[in-house]
Structure formats: structure tokens, C-alpha cells
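Q: Shown below is the structure under consideration.
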Amino acid sequence: MRAAVLGIGWHGFRPSVPELSFAEMMYEAAVRAYEDAGVEAREDIDVFVSCQEDFWEGIAISDEFAPDPIGGVMRPTMTVAGDGLQCVGQAFMMIRSGLAEVVAVETHAKPSDVKTLQGVYELALDPQLRTLGPGNPLFPAGLDAVAYMKRSGAEREHLALVAVKNRNRGLRNARAPHAARITIEDVMASEPVVYPLTAYEIAGYTDVAVNVVIASERKARELKGEPVWLEGIWWSTEVGSGTMEWHEWGRMPSMKAAAREAYRQAGISDPRRQTDFAEVEDRFSFMELLSLEELGLAPEGAHRLLEAGHFDAKGGYPVNPSGGSLSLGTSFEATGLVRLLEAVLQLRGKAGGTQVEGERAIVASWRGVPTYTSIVAVLSR
Amino acid sequence: MGIPGRYVKEEELKRMAGVIEYKPTAKYAYSAGQALSVFLKGLREGKIVGRTCNSCRRIMVPPREFCEYCHSPAGEWVELPGTGRVETASVSYISARRAKLREPEVVAIIRLDAPGYRGDEPDFPGIFHRLCGVTEEEVKGGKVFGARVRPRWRPEGERRGSITDIECFERW
Amino acid sequence: MRANVHVKDRVAIVGAGLTLFARRLLETPQELAWEAASRALDSAGLTLRDIDCVVIGSAVDAFDGVHMKGEYLADGAGGFSKPVIRVAVGGGTGVMVPITAWWHAASGLCKTVLAVGEEKMSHAYPHPQGVFAYIWHPILERPLGPNLIWIFALEMAKYMHECRVSKEDIALVSVKNKRNALDNPHAQAPANITVEDVLKSETLVWPVQLLDISPVSDGAAALVLARESVARKITDTPVWVEGVGFALDSSFWYNRDLSYPRYVEQAARMAYKMAGIERPWKEIDVAEPHDPFDYKELHNLEGLMLARRCEAPKLLREGYFERSGELPVSPSGGLLGMGNPIAASGVMKTAELFWQLRYEAGARQVKKSLHKAVANSWGDLMQAGTVIVLSR
Ligand SMILES: [Zn+2]
């Protein structure tokens with residue numbers, strides 16, 4: 001039983017949006033999404049879901065501020081502390097259960113408001129681990145990158161090539177403030193921030209609000225929007241962030257598990273044949289390659305296929321035609337919805353300079369360090 | 001089978017191995033945004049400004065860019081007299097961190113006077129602030145409910161575009 | 001205002017478990033979550049292998065002192081290699097947990113769901129009140145240096161003024177709930193106290209006194225939910241989730257009348273509609289309304305339409321809400337008697353109704369025959385209502 005992505009709206013996509021409060025950004029995104037879906041905020045939407053985390057917001061119980069800007073006041077509104085795609089998953093369940101026919105999903109991020117990002121990342125580590133003074137709290141990504149390279153045989157150049165592919169690709173995307181004309185040499189010549197990852201291979205931050213309207217198939221046909229079908233969505237957590245010792249280093253089992261169930265819902269047995277392109281996790285360069293393997297899109301080794309140009313926009317299977325998070329930036333819990341946005345625009349044929357051909361797409365996101373939670377969705381035209 | 005969970009006394013905790021003291025490094029610079037920036041500027045000038053909803057015509061203080069009831073963009077700015085009535089009040093004997101205060105403070109919700117409002121609407125332009133010149137007994141006896149109040153502004157040079165530019169609301 | 005409710009699949013609660021609720025527990029947050037979860041699994045005769053999905057509720061990261069607390073709690077809550085979601089609607093989180101678990105199962109995508117609420121408030125030092133400094137609007141409210149109790153005192157004062165309720169009447173809630181908690185082995189603050197004791201306790205923010213408030217607490221609570229076909233195999237006495245409802249009011253809490261929680265009514269109407277309940281004051285047999293403060297129990301009873309506006313204090317005085325009364329309220333001891341580990345408390349209230357409806361509540365068992373029950377949580381800036389209706 002599929003649902004529809006009926007409307008999508010956004011505001012921001014700049015490293016800093018100082019002129020608007022987070023609530024005003026949420027409002028701008030909501031108005032655009034509801035217009036896109038052809039729904040009235042106060043009439044047609046049954047449930048409102050917001051995805052956010054207190055310490056990204058700098059407000060304890062930040063869900064207090066969720067309902068007003070999205071039209072959710074005195075309506076069923078709730079908050080999930082998770083990635084926006086997990087909220088889309090909640091909407092999918094609500095629709096399947098019969099609780100709702102139209103659900104608005106909201107996420108927003110103002111990383112530019114956070115003055116101590118490293119401190120906030122450190123606060124996500126187990127308290128015992130914090131006492132070790134880990135220096136850069138992004139270190140678990142380095143550990144995974146090294147383990148991945150060792151297992152797969154990928155070289156640092158392959159990781160650099162991901163950054164080169166995505167950052168250059170983003171130059172065609174108006175929503176990609178971190179796009180850059182870079183070469184392999186630029187990447188290889190720069191000092192790693194967290195070995196083996198250089199600054200080119202770690203996504204920057206972007207202020208953004210994204211709002212997406214999910215509807216039942218019946219309702220989608222009744223309303224005027226331009227539906228893209230949500231055929232399946234699932235998420236999985238491998239281990240808790242407090243027990244990262246148990247993580248299978250160099251792998252992302254959560255993405256594999258999420259994909260397995262999302263594919264089952266969508267009736268996909270061979271994702272390489274049955275899907276046409278993908279927007280996948282790449283907030284760290286190696287994560288694109290690792291994700292492609294876990295998604296079953298590169299059984300012969302993602303770095304080999306990358307080398308051969310298979311994942312280029314003009315290749316056999318375009319990956320991150322938007323420029324990915326390396327170009328778009330990461331936006332806390334909005335990161336997953338940003339990638340969903342790009343896939344939806346592609347499937348509608350409205351991706352402008354980044355347009356690729358395709359009927360069916362995979363969107364895969366991870367919640368980032370120090371979590372081992374991933375979300376996978378399958379969309380079609 | 002016993003109930004899981006072992007109670008620990010504070011003194012006992014201090015003697016335990018593995019106890020970690022950790023102070024989060026979490027600092028933020030919140031963007032006030034379009035509507036609140038105008039409000040804060042107004043405060044600096046000794047004015048309380050609100051905003052009208054184009055759709056339901058209510059007046060919003062604090063002002064916003066949109067009306068949350070209609071989910072439609074806000075319209076005109078209006079300057080309010082700043083006067084109002086005490087909607088509800090309480091007397092605090094403790095600080096934000098639960099330390100005992102030497103002098104109790106009276107806090108209140110002020111229902112602001114605004115054109116078109118009778119004073120008994122379920123939704124109203126309002127401010128959350130301190131009351132001054134009001135005794136504990138007056139609050140406890142219910143005497144301040146409905147009392148007429150106005151803002152006591154800080155001297156012009158000391159105002160910096162903050163809710164604290166109003167020192168408190170006082171009776172008049 | 002409406003909620004679309006065309007529900008297809010029945011979902012039942014089949015197991016429940018609690019830890020001790022206490023001011024300070026030795027266990028880590030994950031251990032607390034695990035203790036409650038494993039109790040709930042044991043009570044249903046299940047193991048983690050039987051669980052498809054996990055829903056975690058935890059209200060405030062700053063209490064446990066961990067950013068992304070859901071991720072931190074995931075394995076403790078039984079989420080190892082499973083789909084895990086954490087919901088957070090402040091004080092409303094507790095009942096939001098079984099509500100979220102309900103749609104996980106009702107969607108047909110999970111057959112069984114483990115729902116865990118956890119809060120460890122003792123980590124915040126020197127006092128959890130410090131954490132509450134960050135719940136405010138950072139520009140409009142925080143500069144005033146408010147403490148959390150201020151706003152509830154403002155609401156309580158408004159309720160007292162508007163409904164002409166005395167402190168004596170309100171104190172009766174605390175007396176009742178702490179007494180009910182004497183029969184609850186998990187309770188933090190069971191006591192035989194008098195109205196006099198409440199009125200003599202330290203005034204924190206008038207009209208709120210020390211014994212008007214539930215104590216801060218560490219603790220966890222868990223439920224197992226299952227779809228009908230599975231539930232019937234697990235137990236002969238499943239407790240059905242008949243209705244769920246939730247609503248959030250405007251975050252501008254000083255722009256609206258606080259004498260009545262209209263958002264609780266809104267959420268209740270959604271849940272009652274789904275449960276086919278038209279006259280809740282007649283049809284509900286036992287209730288566990290949110291009682292972090294004594295006046296809140298009365299306020300919530302009115303919002304849940306179990307008493308008319310301003311009428312709850314009178315019914316309370318008449319003994320209507322006693323465990324032996326017409327409509328037993330907070331037979332568990334409520335948060336006033338049990339302690340208030342925020343997200344765990346609403347899960348605890350749902351668990352209590354589960355036991356009551358199965359006649360498994362031991363010394364706390366309500367004697368009259370029970371069919372339908374309701375619990376609610378309330379929170380945020382006096383704006384969140386979450387409601388669940390259960391039946392046997
Ligand atoms: Zn309006």
C-alpha cells in the first residue's frame with residue numbers, strides 16, 4: 001500500500017539565514033509545501049509531524065515551538081526526535097493505519113545559530129567516552145572510513161573522487177551552497193581533519209526548513225498536487241550511541257536492514273535493475289561508497305564502479321545527481337528531507353540543471369555521528 | 001523477584017567510583033527573525049508594538065510574521081498603549097535554579113489593552129512579565145486579578161532591545 | 001477541528017513493566033530502559049526476538065545529559081538491530097509513546113512493538129530545575145530568569161480564581177494520590193498526609209507548595225503492544241487500544257485563557273471518537289489523568305470531559321474519585337505518589353490501566369467492574385494533550 005509525496009516546500013539553503021527565525025523559516029517552507037500539494041493548512045491536513053532534536057535547537061522541549069508555523073495549533077501535532085525521513089515513516093504508518101489521510105512533515109535546521117557545534121556533538125557521546133577527551137567528536141567517522149577502506153580495498157583517492165564528483169556536480173544546483181570546482185589533487189593535497197577525511201570530504205552546514213505533505217493514494221488522486229509515490233520506507237538502528245563499541249566497523253548494517261524492508265514494501269528484489277538513480281548518504285565521502293554497498297547497488301565494490309564513472313550523472317546509475325550533502329550541506333534532522341526533496345524534483349522532471357532520467361529512485365540517509373541509525377525510502381513517478 | 005532499580009543517597013553517590021562531572025559546551029545565537037526584531041526595536045524605543053492578522057483581525061503581541069490560527073501572513077503593525085489588566089499572577093519564592101529568594105517576586109500574565117478587544121476573549125495580546133509594587137498578600141487574596149497595570153520602562157539609555165527593557169508592570 | 005479516524009486493525013497491550021521510581025537510581029539510563037523493557041517482555045512471555053519495532057519516549061535530553069537521547073537509549077530499550085523511533089512532546093511524551101506504538105502496529109508494518117519511556121532526572125546537578133531554564137523562548141522569556149513552576153503557578157492561580165477553587169480542595173488530590181501510592185511498591189512518595197500537611201508545606205511559587213508537586217524522579221516504564229491476531233496468541237486477556245488522540249496548542253501560552261485545557265479536550269475528543277465513546281463521563285470506568293501538580297489532575301479531568309468545567313473539585317470532595325468511588329482516578333498513586341520521571345510517568349499510567357482492566361492490580365485493584373479506561377499526559381508550555389482509551 002503506497003502513499004504519495006503530494007507537495008514539498010523549502011526555505012533557506014544558505015550557510016546562514018540570519019534574517020529569519022527558525023519559526024519563520026518553518027512557516028515559509030510550510031506555505032510552499034501546502035501550495036504545492038494544493039491543500040489548506042487548517043482544513044485538509046489531519047496530522048502534523050515535526051522532526052527535531054533539543055540540542056540542535058538550543059531549546060529544551062523544543063517541540064513547544066513546532067505547531068505554530070506549520071498550521072498545527074489545536075490539531076494533532078507531535079514531534080519525533082529523529083531525521084525527517086523517520087517522520088515521513090511515521091506519516092506512512094499513520095496513513096496505512098487509517099489514522100490520517102494527509103500528514104504534513106516538517107524539519108528545520110539552523111546550524112548557524114549553534115556556536116559550539118563540536119561541544120554539542122561531544123554531548124551525544126556516552127559520558128564515559130567524553131572523559132577520554134576525544135579531540136574531534138567526529139572521530140567515529142574516521143574509524144569507520146579506515147575500516148571500510150581496509151575491507152573493501154578502496155584507496156584514499158576513491159574517497160576523494162566522491163568529493164570531486166559531488167562538489168562539482170552541485171555547481172548546477174541552486175540549492176547547493178557548498179558546491180565547488182575541485183580536483184582530486186586539491187583533495188589529496190589537503191590535510192585530513194579526521195583521518196582519512198579532509199575538509200573537502202566532510203559536508204558543511206546549511207540552514208534550511210523543509211516541509212513535505214504525505215497523502216493516501218485515494219486522497220492524492222482527489223487533490224490537485226503532482227504526486228510522487230512513496231512505495232516503501234523503513235529505518236533501523238544497529239547499536240545505541242552509548243555502545244558504539246558494538247558497531248560493525250566499516251559496515252552500516254542499519255542501512256542494509258532499512259533497505260531490505262523498504263525494498264520488500266516496494267516489491268523490489270534487484271535494486272540495480274528496478275531503480276534508476278539514488279540520493280544516498282554522503283556527509284562523509286566514504287559513506288557514499290559504503291551506502292551503495294549496503295543498499296545492494298554495488299556488490300562488486302562501489303569504489304570500482306565509481307572509478308569507472310558508473311555513478312556519474314551520465315553513468316549507468318546516477319548517484320547523488322543533486323550534488324549530495326557534500327554540496328547541499330548537512331542540516332541536522334532536515335538532512336534526510338533535503339535528499340527526499342531532490343529525488344522528488346527529479347522524478348517530477350523539475351530538477352533543472354541536475355535533471356537525470358528515471359522512473360524510480362532510492363533515498364538513503366544516516367543520522368550521522370555518533371549514531372548507527374539509517375533510513376531508506378523508495379520513490380517512483 | 002524484586003523491583004529493578006536501586007536507590008542511591010546523594011552522599012553515597014559522591015563516594016562512588018566512575019562518577020563523572022560534565023558541563024556541556026552548548027552555546028547558541030538565536031535569530032530573532034523579522035517580526036520579533038521589530039518588537040524588540042519597539043521596546044528599545046519604549047513602545048509595545050503588535051501585529052494584526054489579515055484574516056481573523058486579531059492583534060498579536062508578541063508579534064509574529066504569521067497568525068498561527070489562520071496560518072496566513074500577518075498584516076499591519078499597530079502600536080498599543082502598553083496598558084492592560086492582570087490576567088493571572090503568582091508569587092515566587094525560589095530562583096530559576098530553585099535557590100530560596102531573599103525577596104519574593106511577583107510574576108504575571110498581562111492582558112494588554114488593544115483596539116477591538118473587550119477584555120474577556122479566550123485569545124488576547126499579552127505579555128509575561130514581573131509585577132512591581134504589589135504585595136504577596138494582594139496576590140494571594142486575589143486582589144490583583146484584573147488590576148490595571150502599565151509598563152515601567154528602564155531609562156532610555158539603558159534600553160537595549162530586550163524584554164527586560166520593561167523593568168516590570170506596575171499598577172496605576 | 002477534526003481528526004480523521006477510519007481505523008482498520010485492532011491493537012492490544014499484552015505486557016507491561018516498571019522499574020522503581022526514585023529520586024536517584026544507581027542504574028544508567030540504558031539500564032533503566034532495559035529493566036522496564038525486560039519486565040514487560042517477561043510479563044507477556046516474550047523475548048526480544050519476538051519484537052518487530054521499538055518506540056522510545058524520553059522528554060528532555062538535558063536531564064540525562066545526552067544529546068540525541070533516543071540513540072543513546074536505543075539498545076537499552078531493546079532496539080538493537082531494530083527500527084527505533086523516539087517521540088518527544090515534553091510532559092505529553094508519556095502517553096504519546098503507546099499512541100505511537102499503536103500506529104506502528106495498526107499500520108500492519110509491525111506485528112509487535114516494545115514501547116519504553118525513560119527519564120533520569122538525577123543527572124542534572126545541582127537540581128533538575130536548572131535544566132528547565134532552557135525550555136523558554138530564548139528571546140522573549142529566558143531573559144526574565146523564569147523557573148518552571150512560575151508558569152504552572154500562573155495557570156493554577158487562574159484556575160482557582162476562575163473556578164473559585166480553594167487550596168484546600170486542590171490539596172485533596174495530593175492527599176488521595178499519595179495515599180493510593182501506599183499500595184504501589186514502585187512508588188517514590190507514598191504517604192498518609194492531610195490537607196493540613198499540604199497547606200503547611202514550603203511555598204515555592206504561590207499557589208504552588210512543595211506537596212502540590214510530584215517529586216523529580218528517575219525511572220522507566222514499558223509496554224508490549226501487538227496486533228489482534230498476534231495478541232490473541234500471547235494472552236487470553238489483551239487490553240485493547242480503543243482510541244488515541246493528541247493535540248498541541250499555540251506556543252504563546254500568555255496569549256490564551258489558561259483556566260481550561262482546551263487542547264486536552266481536543267485530544268480527548270479525537271480519542272473518544274475513535275473509541276466510539278459519546279458520553280465519557282458515563283462510559284469511562286477508571287482514569288489516570290496527568291498529575292504532575294495536584295491541580296492538574298482536576299484540570300485534566302475537566303479537559304477529558306469526565307467532569308464539567310470547574311466541577312472536578314466538588315466531585316473530589318464528595319469522594320467521587322476515590323479508588324472506591326464512582327470514577328476511580330489515579331489508583332496507581334499518580335505522579336504525586338509515584339514520582340515523576342517525565343516520559344516514564346505516562347507509560348506507567350497506561351500500564352496501571354492495563355493491570356486494572358485485567359484485575360491484576362493487587363492491593364490497588366479497583367473493586368467495581370471495569371470496561372473502559374482513559375489516561376492522558378500533558379506538557380510543553382501548557383499546550384500538549386495526549387490521550388489514550390483502553391478497554392478489556
Ligand atoms: Zn488569524
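Each chain in the C-alpha cells gets a letter, A, B, ..., in the order shown, and its residues are numbered from 1; ligands are numbered from 1 in order too.
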Write down, as a PyMOL selection string, each residue of chain C that has any atom within 7 Å of an atom of chain B, counting only C-alpha atoms.
A: chain C and resi 19-20+22+24-27+35+127+129-130+133+140+143-147+150+153-154+157-158+204-207+254-257
Q: Residues as selected, N, CA, C and O atoms, written as a CSV table (one decimal), in the first residue's frame, can you do that?
A:
chain,number,residue,atom,x,y,z
C,19,THR,N,10.2,0.0,36.5
C,19,THR,CA,11.3,0.0,37.5
C,19,THR,C,10.8,0.7,38.7
C,19,THR,O,9.7,1.2,38.7
C,20,LEU,N,11.6,0.7,39.7
C,20,LEU,CA,11.3,1.6,40.9
C,20,LEU,C,11.4,3.0,40.4
C,20,LEU,O,12.1,3.4,39.5
C,22,ALA,N,12.4,6.6,41.8
C,22,ALA,CA,13.1,7.2,43.0
C,22,ALA,C,13.9,8.4,42.6
C,22,ALA,O,14.2,8.7,41.4
C,24,ARG,N,16.9,9.1,43.0
C,24,ARG,CA,18.2,8.9,42.4
C,24,ARG,C,18.5,7.4,42.3
C,24,ARG,O,18.5,6.7,43.3
C,25,LEU,N,18.6,6.9,41.1
C,25,LEU,CA,18.8,5.4,41.0
C,25,LEU,C,20.2,5.2,40.5
C,25,LEU,O,20.8,6.0,39.8
C,26,LEU,N,20.7,4.0,40.9
C,26,LEU,CA,22.1,3.7,40.5
C,26,LEU,C,22.2,3.4,39.0
C,26,LEU,O,23.3,3.7,38.4
C,27,GLU,N,21.2,2.8,38.4
C,27,GLU,CA,21.3,2.4,37.0
C,27,GLU,C,21.5,3.5,36.0
C,27,GLU,O,21.0,4.6,36.3
C,35,GLU,N,15.6,-2.6,32.1
C,35,GLU,CA,14.9,-3.2,33.2
C,35,GLU,C,13.4,-3.2,33.0
C,35,GLU,O,12.7,-4.2,33.2
C,127,HIS,N,20.4,20.7,40.6
C,127,HIS,CA,19.0,20.4,40.6
C,127,HIS,C,18.4,20.4,39.2
C,127,HIS,O,18.8,21.3,38.4
C,129,GLN,N,15.8,21.6,38.2
C,129,GLN,CA,15.2,22.9,37.9
C,129,GLN,C,16.1,23.7,36.9
C,129,GLN,O,15.6,24.5,36.1
C,130,GLY,N,17.4,23.5,37.1
C,130,GLY,CA,18.3,24.3,36.2
C,130,GLY,C,18.1,24.0,34.8
C,130,GLY,O,18.2,24.9,33.9
C,133,ALA,N,15.6,25.9,32.8
C,133,ALA,CA,15.9,27.3,32.3
C,133,ALA,C,15.9,27.4,30.8
C,133,ALA,O,15.8,28.4,30.2
C,140,LEU,N,12.1,36.0,24.3
C,140,LEU,CA,11.0,36.7,25.0
C,140,LEU,C,10.9,36.3,26.4
C,140,LEU,O,10.4,37.1,27.2
C,143,PRO,N,15.3,35.8,29.2
C,143,PRO,CA,15.9,36.9,29.9
C,143,PRO,C,15.3,37.3,31.2
C,143,PRO,O,15.9,37.9,32.1
C,144,LEU,N,14.0,36.8,31.4
C,144,LEU,CA,13.3,37.2,32.7
C,144,LEU,C,13.8,36.2,33.8
C,144,LEU,O,13.4,36.4,35.0
C,145,GLY,N,14.6,35.2,33.5
C,145,GLY,CA,15.1,34.3,34.5
C,145,GLY,C,14.0,33.5,35.2
C,145,GLY,O,13.9,33.3,36.4
C,146,PRO,N,13.0,32.9,34.4
C,146,PRO,CA,11.9,32.2,35.0
C,146,PRO,C,12.3,30.9,35.5
C,146,PRO,O,13.3,30.3,35.1
C,147,ASN,N,11.6,30.4,36.5
C,147,ASN,CA,11.7,29.0,36.9
C,147,ASN,C,10.4,28.3,36.4
C,147,ASN,O,9.4,29.0,36.2
C,150,TRP,N,6.9,28.8,37.9
C,150,TRP,CA,6.2,30.1,37.6
C,150,TRP,C,4.9,29.9,36.8
C,150,TRP,O,3.8,30.3,37.2
C,153,ALA,N,2.2,27.9,38.3
C,153,ALA,CA,1.6,28.7,39.4
C,153,ALA,C,0.6,29.7,38.7
C,153,ALA,O,-0.5,29.9,39.3
C,154,LEU,N,1.0,30.2,37.6
C,154,LEU,CA,0.1,31.2,36.9
C,154,LEU,C,-1.2,30.5,36.5
C,154,LEU,O,-2.3,31.0,36.6
C,157,ALA,N,-3.3,29.5,39.6
C,157,ALA,CA,-3.9,30.7,40.2
C,157,ALA,C,-5.1,31.1,39.3
C,157,ALA,O,-6.2,31.4,39.8
C,158,LYS,N,-4.9,31.0,38.0
C,158,LYS,CA,-6.0,31.3,37.1
C,158,LYS,C,-7.2,30.4,37.3
C,158,LYS,O,-8.4,30.8,37.3
C,204,LEU,N,6.6,27.4,47.2
C,204,LEU,CA,7.7,27.6,46.3
C,204,LEU,C,7.3,28.8,45.4
C,204,LEU,O,8.1,29.7,45.3
C,205,VAL,N,6.2,28.7,44.7
C,205,VAL,CA,5.7,29.8,43.9
C,205,VAL,C,4.2,29.8,44.1
C,205,VAL,O,3.5,28.9,43.6
C,206,TRP,N,3.7,30.7,44.9
C,206,TRP,CA,2.3,30.7,45.3
C,206,TRP,C,1.5,30.7,44.0
C,206,TRP,O,1.8,31.4,43.1
C,207,PRO,N,0.4,29.9,43.9
C,207,PRO,CA,-0.1,29.0,45.0
C,207,PRO,C,0.5,27.6,45.0
C,207,PRO,O,0.0,26.7,45.7
C,254,TYR,N,0.9,32.8,26.9
C,254,TYR,CA,0.4,34.0,27.6
C,254,TYR,C,-0.5,34.8,26.7
C,254,TYR,O,-0.7,36.0,27.0
C,255,ASN,N,-0.9,34.2,25.6
C,255,ASN,CA,-1.9,34.8,24.7
C,255,ASN,C,-3.3,34.1,24.8
C,255,ASN,O,-4.1,34.3,23.9
C,256,ARG,N,-3.4,33.2,25.8
C,256,ARG,CA,-4.7,32.5,25.8
C,256,ARG,C,-5.1,32.2,27.2
C,256,ARG,O,-4.3,32.2,28.2
C,257,ASP,N,-6.4,31.9,27.4
C,257,ASP,CA,-7.0,31.7,28.7
C,257,ASP,C,-6.5,30.3,29.2
C,257,ASP,O,-6.7,29.3,28.6
Q: Got a sec to check which residues lie within 7 Å of ligand 1, using only C-alpha atoms and all ligand atoms, and send them as a short mmCIF file (atom, residue, chain, number, x, y, z; two decimals) with all heavy atoms, in the first residue's frame?
A:
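out.cif written:
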data_model
loop_
_atom_site.label_atom_id
_atom_site.label_comp_id
_atom_site.auth_asym_id
_atom_site.auth_seq_id
_atom_site.Cartn_x
_atom_site.Cartn_y
_atom_site.Cartn_z
N CYS B 53 -3.68 40.22 12.29
CA CYS B 53 -3.86 39.14 11.32
C CYS B 53 -4.83 39.63 10.26
O CYS B 53 -5.92 40.10 10.58
CB CYS B 53 -4.40 37.88 11.98
SG CYS B 53 -4.93 36.65 10.77
N ASN B 54 -4.42 39.52 9.01
CA ASN B 54 -5.27 39.97 7.90
C ASN B 54 -6.56 39.17 7.82
O ASN B 54 -7.55 39.62 7.27
CB ASN B 54 -4.53 39.81 6.57
CG ASN B 54 -3.59 40.98 6.34
OD1 ASN B 54 -3.78 42.05 6.93
ND2 ASN B 54 -2.58 40.77 5.53
N SER B 55 -6.50 37.97 8.32
CA SER B 55 -7.60 37.06 8.12
C SER B 55 -8.62 37.12 9.26
O SER B 55 -9.79 37.38 9.03
CB SER B 55 -7.00 35.67 7.94
OG SER B 55 -7.97 34.75 7.69
N CYS B 56 -8.17 36.94 10.52
CA CYS B 56 -9.13 36.94 11.63
C CYS B 56 -9.13 38.28 12.37
O CYS B 56 -9.90 38.46 13.30
CB CYS B 56 -8.86 35.79 12.59
SG CYS B 56 -7.32 35.94 13.52
N ARG B 57 -8.25 39.19 11.97
CA ARG B 57 -8.19 40.55 12.50
C ARG B 57 -7.71 40.63 13.94
O ARG B 57 -7.78 41.68 14.57
CB ARG B 57 -9.55 41.28 12.40
CG ARG B 57 -10.18 41.30 11.03
CD ARG B 57 -9.28 41.85 9.96
NE ARG B 57 -8.79 43.20 10.21
CZ ARG B 57 -7.82 43.78 9.50
NH1 ARG B 57 -7.22 43.13 8.53
NH2 ARG B 57 -7.45 44.99 9.78
N ARG B 58 -7.25 39.53 14.53
CA ARG B 58 -6.80 39.65 15.91
C ARG B 58 -5.47 40.40 15.93
O ARG B 58 -4.77 40.51 14.93
CB ARG B 58 -6.65 38.27 16.54
CG ARG B 58 -5.44 37.50 16.11
CD ARG B 58 -5.44 36.15 16.84
NE ARG B 58 -4.36 35.31 16.37
CZ ARG B 58 -3.43 34.81 17.18
NH1 ARG B 58 -3.44 35.05 18.46
NH2 ARG B 58 -2.49 34.03 16.67
N CYS B 67 -0.17 34.37 11.47
CA CYS B 67 -1.12 34.05 12.52
C CYS B 67 -1.20 32.53 12.63
O CYS B 67 -1.48 31.86 11.64
CB CYS B 67 -2.50 34.62 12.19
SG CYS B 67 -3.81 34.00 13.26
N GLU B 68 -0.95 32.00 13.81
CA GLU B 68 -0.91 30.54 13.92
C GLU B 68 -2.30 29.91 13.85
O GLU B 68 -2.43 28.72 13.61
CB GLU B 68 -0.18 30.10 15.19
CG GLU B 68 -0.91 30.36 16.51
CD GLU B 68 -0.55 31.69 17.14
OE1 GLU B 68 -0.26 32.65 16.39
OE2 GLU B 68 -0.56 31.79 18.38
N TYR B 69 -3.34 30.71 14.07
CA TYR B 69 -4.69 30.15 13.98
C TYR B 69 -5.18 30.06 12.54
O TYR B 69 -5.91 29.16 12.17
CB TYR B 69 -5.66 30.96 14.83
CG TYR B 69 -5.36 30.86 16.31
CD1 TYR B 69 -5.04 31.99 17.06
CD2 TYR B 69 -5.34 29.62 16.95
CE1 TYR B 69 -4.73 31.89 18.41
CE2 TYR B 69 -5.03 29.52 18.29
CZ TYR B 69 -4.72 30.64 19.02
OH TYR B 69 -4.42 30.55 20.34
N CYS B 70 -4.81 31.06 11.73
CA CYS B 70 -5.27 31.08 10.34
C CYS B 70 -4.21 30.53 9.39
O CYS B 70 -4.49 30.24 8.23
CB CYS B 70 -5.61 32.50 9.92
SG CYS B 70 -6.77 33.29 11.03
N HIS B 71 -2.99 30.40 9.88
CA HIS B 71 -1.84 30.06 9.04
C HIS B 71 -1.80 30.96 7.81
O HIS B 71 -1.69 30.49 6.68
CB HIS B 71 -1.85 28.58 8.62
CG HIS B 71 -0.46 28.09 8.31
ND1 HIS B 71 -0.04 27.81 7.04
CD2 HIS B 71 0.60 27.86 9.12
CE1 HIS B 71 1.23 27.42 7.08
NE2 HIS B 71 1.64 27.44 8.32
N SER B 72 -1.90 32.25 8.08
CA SER B 72 -1.82 33.20 6.98
C SER B 72 -0.91 34.35 7.41
O SER B 72 -0.70 34.57 8.60
CB SER B 72 -3.21 33.71 6.62
OG SER B 72 -3.76 34.39 7.72
#
Q: Show me, as a count of residues only, every residue of chain C with an atom at most 7 Å from chain A, counting only C-alpha atoms.
A: 44
Q: Tell me which protein, DNA and RNA residues are within 12 Å of Pro151 in chain B, counting only C-alpha atoms, leaving out same-chain ones fewer than 2 positions away, and put them as a ChimeraX atom specification.
A: /B:43,46-48,80-86,110,112,127-132,148-149,153-154,163-172
Q: When DSSP works through the backbone of this structure, what residues of range 9-148 of chain A end up as alpha helix (DSSP H), shown as number ranges by chain?
A: A: 22-37, 54-57, 67-70, 84-97, 117-123, 127-130, 139-148
Q: Given the choices B:Glu137, B:Pro73, B:Met16, B:Ile59, which gets closest to chain A if the distance is worked out from only C-alpha atoms?
A: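 Of B:Glu137, B:Pro73, B:Met16, B:Ile59, the one nearest chain A, counting only C-alpha atoms, is B:Pro73.
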Q: Pick out the chain A residues within 6 Å of chain B. Count only C-alpha atoms. Give them as number ranges by chain.
A: A: 19-21, 68, 71, 113-116, 119-120
Q: Write a file of the just-selected residues containing C-alpha atoms, as a short mmCIF file (atom, residue, chain, number, x, y, z; two decimals), in the first residue's frame.
A:
data_model
loop_
_atom_site.label_atom_id
_atom_site.label_comp_id
_atom_site.auth_asym_id
_atom_site.auth_seq_id
_atom_site.Cartn_x
_atom_site.Cartn_y
_atom_site.Cartn_z
CA GLU A 19 17.14 37.39 8.68
CA LEU A 20 14.61 34.74 9.72
CA SER A 21 13.96 32.92 12.96
CA ASP A 68 2.50 27.46 15.24
CA GLY A 71 -0.63 25.24 10.96
CA ASP A 113 22.72 29.54 15.36
CA VAL A 114 24.87 26.93 17.12
CA LYS A 115 28.13 28.47 18.24
CA THR A 116 29.65 25.31 19.71
CA GLY A 119 30.53 20.69 22.03
CA VAL A 120 27.07 19.55 21.00
#
